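Below is one structure; the comments refer to it alone.
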Amino acid sequence: MAKIIVVTSGKGGVGKTTTSASISTGLAKRGLRTVVIDFDVGLRNLDLIMNCERRVVYDFVNVIQGEATLNQALIRDKRVENLYILPASQTRDKEALTKEGVEKVLNQLAEQFDYIICDSPAGIEHGALMALYFADEAVVVTNPEVSSVRDSDRILGILQSKSRRSELGLDPVKEHLLLTRYNPERVERGEMLSIEDVNDILSIPLLGCIPESMAVLNASNSGVPVILDEESTAGQAYDDAVARLLGEERELRFLDLQKKGIFKRMFGG
Amino acid sequence: MSFFDYFRNKKGPNTASIAKERLQIIVAHERNTRGQPDYLPQLQQELLDVIRKYVAIQDDQVQVQLDKNDSCSVLELNVTLPDKV
Ligand SMILES: Nc1ncnc2c1ncn2[C@@H]1O[C@H](COP(=O)(O)OP(=O)(O)O)[C@@H](O)[C@H]1O
Ligand SMILES: [Mg+2]
């Protein structure tokens, strides 16, 4: 049975698309059949980050409306085997993502894939609700900053009350916190919320902490998910996050040395 | 104050701890109002207006809360009156 994972946040520009690209690439690299869906109708972006923008012919909405088959719309990644991208529509209105339509496509994908990653648009409107509705797990991408943390808490509330799992009374959506754009120096100076701070407020299990890194911009410039930049701290931190998603235990890295003891305790590692 | 805050304080103002405090307050408040019907804030305001016709009270002296059970919902209304009415 395929696992559906939404990458969500409430707030825009926190790193959802960056995260969707890297997590899906990381899963596929491990041999898991993975598809990543861009739910950002109107603002297609994942294709650029995944370097397939010039190969988009049909999109998610075309498939929902029966204008193309799923296999016509899916784009196979050229670097990593087992990885496919379903791009967002650029022009249609957002209501084109109907619950029935999304469900139909997800059911079809579930027959061919192990993991379905849903890259959510920002906000708490229709597109974001559709992206999270069918999720089994949620990666809540959060920056160590007041508005991002508050929005993440709202999204957690929505996952707990408006998702399919909550409406049907099934096991709740499994929640993961992914802290991104973390700057240990600024945390040290008391200018930025620390991992413990964010953890104290949101109190959901930590999937990982991605440092603020120049490599992310370089990666998106060239259309390479940053996880493939194995030299970079951000790439390695994403690889750790993927490993944890699959149940492996990995110690947190790229935070300053002083705090190491505490994180060991947090992970029991 | 945690061990690390001590180190932080040595170097300029600690805006992160202000951020944390503010977040804790607002997030707790928003969790409490989560899932409530949209009309509750207005209901609370109108109740305040009615009560103020008779007694001078502050905004926070009227609390409205909706509790849902399996069979019914209970609207709980708490009005704190000043000592001398
Ligand atoms: N760890 C990071 N370090 C530096 N820049 C980052 C990091 N994560 C994301 N960014 C940058 O932040 C911006 C927004 O990222 P994106 O993934 O598009 O966010 P979202 O999908 O949530 O809107 C992009 O310019 C991206 O390069
Ligand atoms: Mg995005």
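We name chains A, B, ... following the order of the structure tokens; residues begin at 1 in each chain, and ligands are numbered from 1 as shown.
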> Taking only C-alpha atoms into account, what are the residues of chain A at most 12 Å from chain B, put as a VMD selection string?
Replying inline: chain A and resid 144 to 158 160 to 162 185 to 203 258 to 259 262
Would you put the residues from that selection into a file with N, CA, C and O atoms, as a compact mmCIF listing (two decimals), in the first residue's frame?
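Result file follows (again26.txt):
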```
# COMPACT_ATOMS: atom_id res chain seq x y z
N PRO A 144 12.61 28.77 11.99
CA PRO A 144 12.65 29.20 13.40
C PRO A 144 12.33 30.69 13.51
O PRO A 144 13.18 31.50 13.78
N GLU A 145 11.05 31.00 13.35
CA GLU A 145 10.65 32.39 13.25
C GLU A 145 9.17 32.45 13.64
O GLU A 145 8.42 31.50 13.35
N VAL A 146 8.73 33.55 14.27
CA VAL A 146 7.40 33.55 14.90
C VAL A 146 6.24 33.21 13.97
O VAL A 146 5.41 32.36 14.30
N SER A 147 6.16 33.84 12.80
CA SER A 147 4.97 33.60 11.99
C SER A 147 4.96 32.20 11.42
O SER A 147 3.89 31.59 11.29
N SER A 148 6.12 31.67 11.10
CA SER A 148 6.16 30.31 10.58
C SER A 148 5.72 29.29 11.64
O SER A 148 4.97 28.36 11.34
N VAL A 149 6.18 29.47 12.87
CA VAL A 149 5.81 28.53 13.94
C VAL A 149 4.31 28.59 14.21
O VAL A 149 3.63 27.57 14.33
N ARG A 150 3.77 29.81 14.26
CA ARG A 150 2.34 29.94 14.50
C ARG A 150 1.54 29.29 13.38
O ARG A 150 0.56 28.57 13.63
N ASP A 151 1.93 29.52 12.12
CA ASP A 151 1.21 28.92 11.00
C ASP A 151 1.32 27.40 11.02
O ASP A 151 0.37 26.70 10.67
N SER A 152 2.47 26.90 11.42
CA SER A 152 2.62 25.45 11.51
C SER A 152 1.63 24.88 12.52
O SER A 152 1.05 23.81 12.32
N ASP A 153 1.44 25.60 13.63
CA ASP A 153 0.49 25.12 14.64
C ASP A 153 -0.93 25.09 14.07
O ASP A 153 -1.70 24.18 14.36
N ARG A 154 -1.26 26.08 13.26
CA ARG A 154 -2.59 26.08 12.64
C ARG A 154 -2.75 24.90 11.70
O ARG A 154 -3.79 24.24 11.66
N ILE A 155 -1.71 24.65 10.91
CA ILE A 155 -1.77 23.52 9.98
C ILE A 155 -1.93 22.21 10.75
O ILE A 155 -2.68 21.32 10.35
N LEU A 156 -1.25 22.09 11.90
CA LEU A 156 -1.41 20.89 12.72
C LEU A 156 -2.87 20.74 13.16
O LEU A 156 -3.43 19.64 13.13
N GLY A 157 -3.48 21.84 13.53
CA GLY A 157 -4.90 21.81 13.90
C GLY A 157 -5.77 21.32 12.75
O GLY A 157 -6.70 20.54 12.95
N ILE A 158 -5.44 21.76 11.55
CA ILE A 158 -6.22 21.37 10.37
C ILE A 158 -6.00 19.88 10.06
O ILE A 158 -6.94 19.16 9.75
N GLN A 160 -5.48 17.67 12.16
CA GLN A 160 -6.18 16.90 13.19
C GLN A 160 -7.70 17.00 13.08
O GLN A 160 -8.41 16.26 13.74
N SER A 161 -8.21 17.92 12.25
CA SER A 161 -9.67 18.05 12.19
C SER A 161 -10.25 17.99 10.78
O SER A 161 -11.42 17.68 10.61
N LYS A 162 -9.42 18.28 9.77
CA LYS A 162 -10.01 18.38 8.43
C LYS A 162 -9.44 17.36 7.45
O LYS A 162 -9.76 17.39 6.26
N GLU A 185 24.53 29.90 14.45
CA GLU A 185 25.20 31.09 15.00
C GLU A 185 24.18 32.07 15.55
O GLU A 185 24.35 32.62 16.63
N ARG A 186 23.13 32.28 14.80
CA ARG A 186 22.10 33.23 15.26
C ARG A 186 21.35 32.67 16.47
O ARG A 186 20.95 33.42 17.35
N VAL A 187 21.19 31.37 16.51
CA VAL A 187 20.56 30.76 17.69
C VAL A 187 21.45 31.01 18.91
O VAL A 187 20.98 31.41 19.98
N GLU A 188 22.73 30.81 18.69
CA GLU A 188 23.71 31.01 19.75
C GLU A 188 23.67 32.44 20.29
O GLU A 188 23.78 32.68 21.50
N ARG A 189 23.48 33.38 19.42
CA ARG A 189 23.43 34.79 19.82
C ARG A 189 22.08 35.19 20.39
O ARG A 189 21.86 36.35 20.73
N GLY A 190 21.14 34.24 20.43
CA GLY A 190 19.82 34.58 20.98
C GLY A 190 18.96 35.37 20.03
O GLY A 190 18.00 36.02 20.41
N GLU A 191 19.29 35.27 18.74
CA GLU A 191 18.52 36.02 17.74
C GLU A 191 17.53 35.14 17.02
O GLU A 191 16.71 35.64 16.26
N MET A 192 17.64 33.85 17.22
CA MET A 192 16.77 32.93 16.47
C MET A 192 16.27 31.85 17.41
O MET A 192 17.03 31.37 18.26
N LEU A 193 15.01 31.46 17.27
CA LEU A 193 14.46 30.38 18.06
C LEU A 193 15.30 29.12 17.86
O LEU A 193 15.70 28.81 16.75
N SER A 194 15.55 28.41 18.93
CA SER A 194 16.34 27.18 18.83
C SER A 194 15.42 25.98 18.55
O SER A 194 14.20 26.10 18.62
N ILE A 195 16.03 24.84 18.26
CA ILE A 195 15.23 23.63 18.08
C ILE A 195 14.39 23.35 19.31
O ILE A 195 13.21 23.03 19.20
N GLU A 196 14.99 23.49 20.49
CA GLU A 196 14.21 23.21 21.71
C GLU A 196 13.03 24.16 21.83
O GLU A 196 11.95 23.76 22.24
N ASP A 197 13.26 25.44 21.49
CA ASP A 197 12.17 26.42 21.56
C ASP A 197 10.99 25.98 20.70
O ASP A 197 9.85 25.92 21.16
N VAL A 198 11.29 25.67 19.43
CA VAL A 198 10.22 25.30 18.50
C VAL A 198 9.56 24.00 18.96
O VAL A 198 8.34 23.85 18.93
N ASN A 199 10.40 23.09 19.43
CA ASN A 199 9.90 21.82 19.93
C ASN A 199 8.98 22.00 21.14
O ASN A 199 7.95 21.34 21.26
N ASP A 200 9.34 22.92 22.04
CA ASP A 200 8.51 23.20 23.21
C ASP A 200 7.13 23.69 22.80
O ASP A 200 6.13 23.38 23.45
N ILE A 201 7.08 24.46 21.73
CA ILE A 201 5.80 25.06 21.33
C ILE A 201 4.97 24.08 20.51
O ILE A 201 3.79 23.86 20.79
N LEU A 202 5.55 23.46 19.51
CA LEU A 202 4.76 22.59 18.62
C LEU A 202 4.64 21.17 19.17
O LEU A 202 3.66 20.49 18.89
N SER A 203 5.62 20.74 19.91
CA SER A 203 5.70 19.39 20.48
C SER A 203 5.20 18.27 19.57
O SER A 203 4.27 17.54 19.91
N GLN A 258 28.07 22.62 21.29
CA GLN A 258 27.56 22.77 22.65
C GLN A 258 26.25 22.06 22.90
O GLN A 258 26.00 21.54 23.96
N LYS A 259 25.38 22.10 21.88
CA LYS A 259 24.01 21.61 22.10
C LYS A 259 23.87 20.12 21.87
O LYS A 259 22.83 19.56 22.10
N ILE A 262 22.08 17.65 24.31
CA ILE A 262 20.63 17.72 24.44
C ILE A 262 19.92 16.96 23.34
O ILE A 262 18.96 16.25 23.57
```
>> Counting only C-alpha atoms and all ligand atoms, what are the residues, protein, DNA or RNA alike, that approach ligand 1 to within 6 Å? I want them as a list in words.
In response: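 The neighbouring residues of ligand 1 are, in order, Gly12, Gly13, Val14, Gly15, Lys16, Thr17, Thr18, Thr180, Arg181, Ile210, Pro211, Glu212, Ser213, Met214, Val216, Leu217 and Ala234 of chain A.
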> Do you know which residues are within 12 Å of ligand 2 using only C-alpha atoms and all ligand atoms? Can you write them as a PyMOL selection string?
Replying inline: chain A and resi 7-21+37-49+88+118-123+127-128+141
>> Env of segment 46-61 of chain B: 12 Å cut, atoms = only C-alpha atoms, seq-sep filter 3 positions within chain, self excluded. Answer as a PyMOL selection string.
In response: chain B and resi 39-43+64+77-85
Please write the residues from the selection above to a file, keeping N, CA, C and O atoms, as a PDB file, in the first residue's frame.
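File produced: result-v1.pdb:
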```
ATOM      1  N   TYR B  39     -19.168  32.159  14.919  1.00  0.00           N
ATOM      2  CA  TYR B  39     -19.992  33.223  15.509  1.00  0.00           C
ATOM      3  C   TYR B  39     -19.648  33.494  16.968  1.00  0.00           C
ATOM      4  O   TYR B  39     -20.110  34.459  17.549  1.00  0.00           O
ATOM      5  N   LEU B  40     -18.813  32.640  17.584  1.00  0.00           N
ATOM      6  CA  LEU B  40     -18.566  32.809  19.032  1.00  0.00           C
ATOM      7  C   LEU B  40     -17.992  34.176  19.428  1.00  0.00           C
ATOM      8  O   LEU B  40     -18.472  34.785  20.383  1.00  0.00           O
ATOM      9  N   PRO B  41     -16.997  34.700  18.726  1.00  0.00           N
ATOM     10  CA  PRO B  41     -16.468  36.011  19.134  1.00  0.00           C
ATOM     11  C   PRO B  41     -17.530  37.108  19.107  1.00  0.00           C
ATOM     12  O   PRO B  41     -17.595  37.947  20.011  1.00  0.00           O
ATOM     13  N   GLN B  42     -18.387  37.071  18.081  1.00  0.00           N
ATOM     14  CA  GLN B  42     -19.429  38.094  17.998  1.00  0.00           C
ATOM     15  C   GLN B  42     -20.482  37.897  19.085  1.00  0.00           C
ATOM     16  O   GLN B  42     -20.956  38.865  19.692  1.00  0.00           O
ATOM     17  N   LEU B  43     -20.818  36.644  19.328  1.00  0.00           N
ATOM     18  CA  LEU B  43     -21.749  36.338  20.414  1.00  0.00           C
ATOM     19  C   LEU B  43     -21.215  36.897  21.726  1.00  0.00           C
ATOM     20  O   LEU B  43     -21.933  37.532  22.501  1.00  0.00           O
ATOM     21  N   VAL B  64     -17.030  32.771  26.844  1.00  0.00           N
ATOM     22  CA  VAL B  64     -17.990  31.885  26.194  1.00  0.00           C
ATOM     23  C   VAL B  64     -17.249  30.675  25.670  1.00  0.00           C
ATOM     24  O   VAL B  64     -16.184  30.813  25.074  1.00  0.00           O
ATOM     25  N   LEU B  77     -21.372  29.817  29.595  1.00  0.00           N
ATOM     26  CA  LEU B  77     -21.200  31.261  29.674  1.00  0.00           C
ATOM     27  C   LEU B  77     -20.764  31.617  31.087  1.00  0.00           C
ATOM     28  O   LEU B  77     -21.413  31.254  32.053  1.00  0.00           O
ATOM     29  N   ASN B  78     -19.611  32.287  31.172  1.00  0.00           N
ATOM     30  CA  ASN B  78     -19.094  32.659  32.481  1.00  0.00           C
ATOM     31  C   ASN B  78     -18.984  34.165  32.574  1.00  0.00           C
ATOM     32  O   ASN B  78     -18.238  34.789  31.822  1.00  0.00           O
ATOM     33  N   VAL B  79     -19.727  34.746  33.504  1.00  0.00           N
ATOM     34  CA  VAL B  79     -19.639  36.193  33.679  1.00  0.00           C
ATOM     35  C   VAL B  79     -19.108  36.481  35.075  1.00  0.00           C
ATOM     36  O   VAL B  79     -19.672  36.032  36.065  1.00  0.00           O
ATOM     37  N   THR B  80     -17.988  37.164  35.145  1.00  0.00           N
ATOM     38  CA  THR B  80     -17.431  37.537  36.442  1.00  0.00           C
ATOM     39  C   THR B  80     -17.866  38.967  36.741  1.00  0.00           C
ATOM     40  O   THR B  80     -17.540  39.886  36.000  1.00  0.00           O
ATOM     41  N   LEU B  81     -18.598  39.123  37.820  1.00  0.00           N
ATOM     42  CA  LEU B  81     -19.034  40.470  38.183  1.00  0.00           C
ATOM     43  C   LEU B  81     -18.034  41.102  39.128  1.00  0.00           C
ATOM     44  O   LEU B  81     -17.346  40.413  39.867  1.00  0.00           O
ATOM     45  N   PRO B  82     -17.948  42.420  39.098  1.00  0.00           N
ATOM     46  CA  PRO B  82     -17.055  43.107  40.037  1.00  0.00           C
ATOM     47  C   PRO B  82     -17.512  42.865  41.484  1.00  0.00           C
ATOM     48  O   PRO B  82     -18.669  42.538  41.716  1.00  0.00           O
ATOM     49  N   ASP B  83     -16.602  43.070  42.449  1.00  0.00           N
ATOM     50  CA  ASP B  83     -16.904  42.814  43.849  1.00  0.00           C
ATOM     51  C   ASP B  83     -18.188  43.498  44.317  1.00  0.00           C
ATOM     52  O   ASP B  83     -19.090  42.893  44.852  1.00  0.00           O
ATOM     53  N   LYS B  84     -18.240  44.822  44.103  1.00  0.00           N
ATOM     54  CA  LYS B  84     -19.438  45.554  44.537  1.00  0.00           C
ATOM     55  C   LYS B  84     -20.301  45.826  43.323  1.00  0.00           C
ATOM     56  O   LYS B  84     -19.879  46.513  42.394  1.00  0.00           O
ATOM     57  N   VAL B  85     -21.514  45.236  43.350  1.00  0.00           N
ATOM     58  CA  VAL B  85     -22.390  45.452  42.209  1.00  0.00           C
ATOM     59  C   VAL B  85     -23.383  46.563  42.538  1.00  0.00           C
ATOM     60  O   VAL B  85     -23.946  46.570  43.625  1.00  0.00           O
TER      61      VAL B  85
END
```
>> Could you go through segment 7-123 of chain A and tell me which residues DSSP, when run on the backbone, assigns to strand (DSSP E), listing them as a list in words?
In response: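 Output for segment 7-123 of chain A, strand (DSSP E) only: Val7, Thr8, Thr34, Val35, Val36, Ile37, Asp38, Ile75, Arg76, Leu83, Tyr84, Ile85, Leu86, Tyr115, Ile116, Ile117, Cys118 and Asp119 of chain A.
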Dump of C-alpha atoms for the selected residues, as a short mmCIF file (atom, residue, chain, number, x, y, z; two decimals), in the first residue's frame:
```cif
data_model
loop_
_atom_site.label_atom_id
_atom_site.label_comp_id
_atom_site.auth_asym_id
_atom_site.auth_seq_id
_atom_site.Cartn_x
_atom_site.Cartn_y
_atom_site.Cartn_z
CA VAL A 7 4.78 18.54 2.77
CA THR A 8 2.97 21.49 4.28
CA THR A 34 8.22 7.56 -5.65
CA VAL A 35 6.06 10.20 -7.27
CA VAL A 36 6.01 13.86 -6.23
CA ILE A 37 2.92 15.93 -7.01
CA ASP A 38 2.89 19.72 -7.30
CA ILE A 75 7.48 12.89 -16.01
CA ARG A 76 10.26 10.43 -15.37
CA LEU A 83 11.24 8.91 -9.47
CA TYR A 84 8.33 10.60 -11.25
CA ILE A 85 6.92 14.13 -11.16
CA LEU A 86 3.31 15.14 -11.66
CA TYR A 115 5.50 6.82 -1.85
CA ILE A 116 3.35 9.72 -2.99
CA ILE A 117 4.75 13.10 -1.92
CA CYS A 118 2.35 16.04 -2.07
CA ASP A 119 3.99 19.47 -2.31
#
```
> Skipping near chain neighbours, those fewer than 5 positions away, what residues fall within 9 Å of Arg244 of chain A using only C-alpha atoms, listed as a PyMOL selection string?
Replying inline: chain A and resi 207-208+239+249-250
> Near Gln72 of chain A, within 12 Å and counting only C-alpha atoms, which residues show up once chain neighbours fewer than 5 positions away are dropped, as an MDAnalysis selection string?
Replying inline: chainID A and resid 55:60 62:63 66:67 84:87
Give me a file of those residues, with C-alpha atoms, as an mmCIF file, in the first residue's frame.
```cif
data_model
loop_
_atom_site.group_PDB
_atom_site.id
_atom_site.type_symbol
_atom_site.label_atom_id
_atom_site.label_comp_id
_atom_site.auth_asym_id
_atom_site.auth_seq_id
_atom_site.Cartn_x
_atom_site.Cartn_y
_atom_site.Cartn_z
ATOM 1 C CA ARG A 55 9.327 18.350 -20.496
ATOM 2 C CA VAL A 56 5.912 19.282 -19.088
ATOM 3 C CA VAL A 57 3.178 18.451 -21.588
ATOM 4 C CA TYR A 58 0.188 17.544 -19.445
ATOM 5 C CA ASP A 59 -0.467 18.336 -15.803
ATOM 6 C CA PHE A 60 -2.375 17.237 -12.711
ATOM 7 C CA ASN A 62 -5.481 17.626 -17.250
ATOM 8 C CA VAL A 63 -5.508 14.186 -15.662
ATOM 9 C CA GLY A 66 -9.754 13.423 -18.320
ATOM 10 C CA GLU A 67 -7.802 15.340 -20.973
ATOM 11 C CA TYR A 84 8.335 10.602 -11.249
ATOM 12 C CA ILE A 85 6.923 14.126 -11.158
ATOM 13 C CA LEU A 86 3.311 15.140 -11.660
ATOM 14 C CA PRO A 87 3.418 18.873 -12.436
#
```
> For the atom pair atom CA of Phe113 of chain A and atom CA of Glu230 of chain A, what is the interatomic distance in Å to one decimal place?
Replying inline: 25.5 Å
>> Which residues are close to segment 101-106 of chain A, i.e. within 9 Å by only C-alpha atoms, leaving aside same-chain residues fewer than 6 positions away? Reply as a list in words.
In response: Ile4, Phe60, Val61, Val63, Ile64, Gln65, Leu70, Ile116, Met130, Ala131 and Phe134 of chain A
>> Report as a PyMOL selection string all protein, DNA and RNA residues lying within 12 Å of Arg79 of chain A, evaluated on only C-alpha atoms, omitting residues in the same chain fewer than 2 positions from it.
In response: chain A and resi 25-26+28-29+50-52+75-77+81-84+223-225+228
Those same residues, written as a PDB file, in the first residue's frame with C-alpha atoms?
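For reference, again.pdb as written:
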```pdb
ATOM      1  CA  THR A  25      14.666  12.145  -4.581  1.00  0.00           C
ATOM      2  CA  GLY A  26      16.050  10.590  -1.393  1.00  0.00           C
ATOM      3  CA  ALA A  28      13.731   7.066  -4.937  1.00  0.00           C
ATOM      4  CA  LYS A  29      17.503   6.806  -4.502  1.00  0.00           C
ATOM      5  CA  MET A  50      13.473  19.095 -10.420  1.00  0.00           C
ATOM      6  CA  ASN A  51      14.841  20.311 -13.770  1.00  0.00           C
ATOM      7  CA  CYS A  52      11.973  19.033 -15.910  1.00  0.00           C
ATOM      8  CA  ILE A  75       7.476  12.890 -16.012  1.00  0.00           C
ATOM      9  CA  ARG A  76      10.260  10.430 -15.365  1.00  0.00           C
ATOM     10  CA  ASP A  77      13.278  11.903 -13.617  1.00  0.00           C
ATOM     11  CA  GLU A  81      15.437   5.826 -11.198  1.00  0.00           C
ATOM     12  CA  ASN A  82      12.014   5.176  -9.676  1.00  0.00           C
ATOM     13  CA  LEU A  83      11.237   8.908  -9.475  1.00  0.00           C
ATOM     14  CA  TYR A  84       8.335  10.602 -11.249  1.00  0.00           C
ATOM     15  CA  GLY A 223      17.658  22.248 -11.093  1.00  0.00           C
ATOM     16  CA  VAL A 224      19.307  19.667  -8.876  1.00  0.00           C
ATOM     17  CA  PRO A 225      17.491  18.739  -5.656  1.00  0.00           C
ATOM     18  CA  LEU A 228      22.034  15.209  -4.532  1.00  0.00           C
TER      19      LEU A 228
END
```
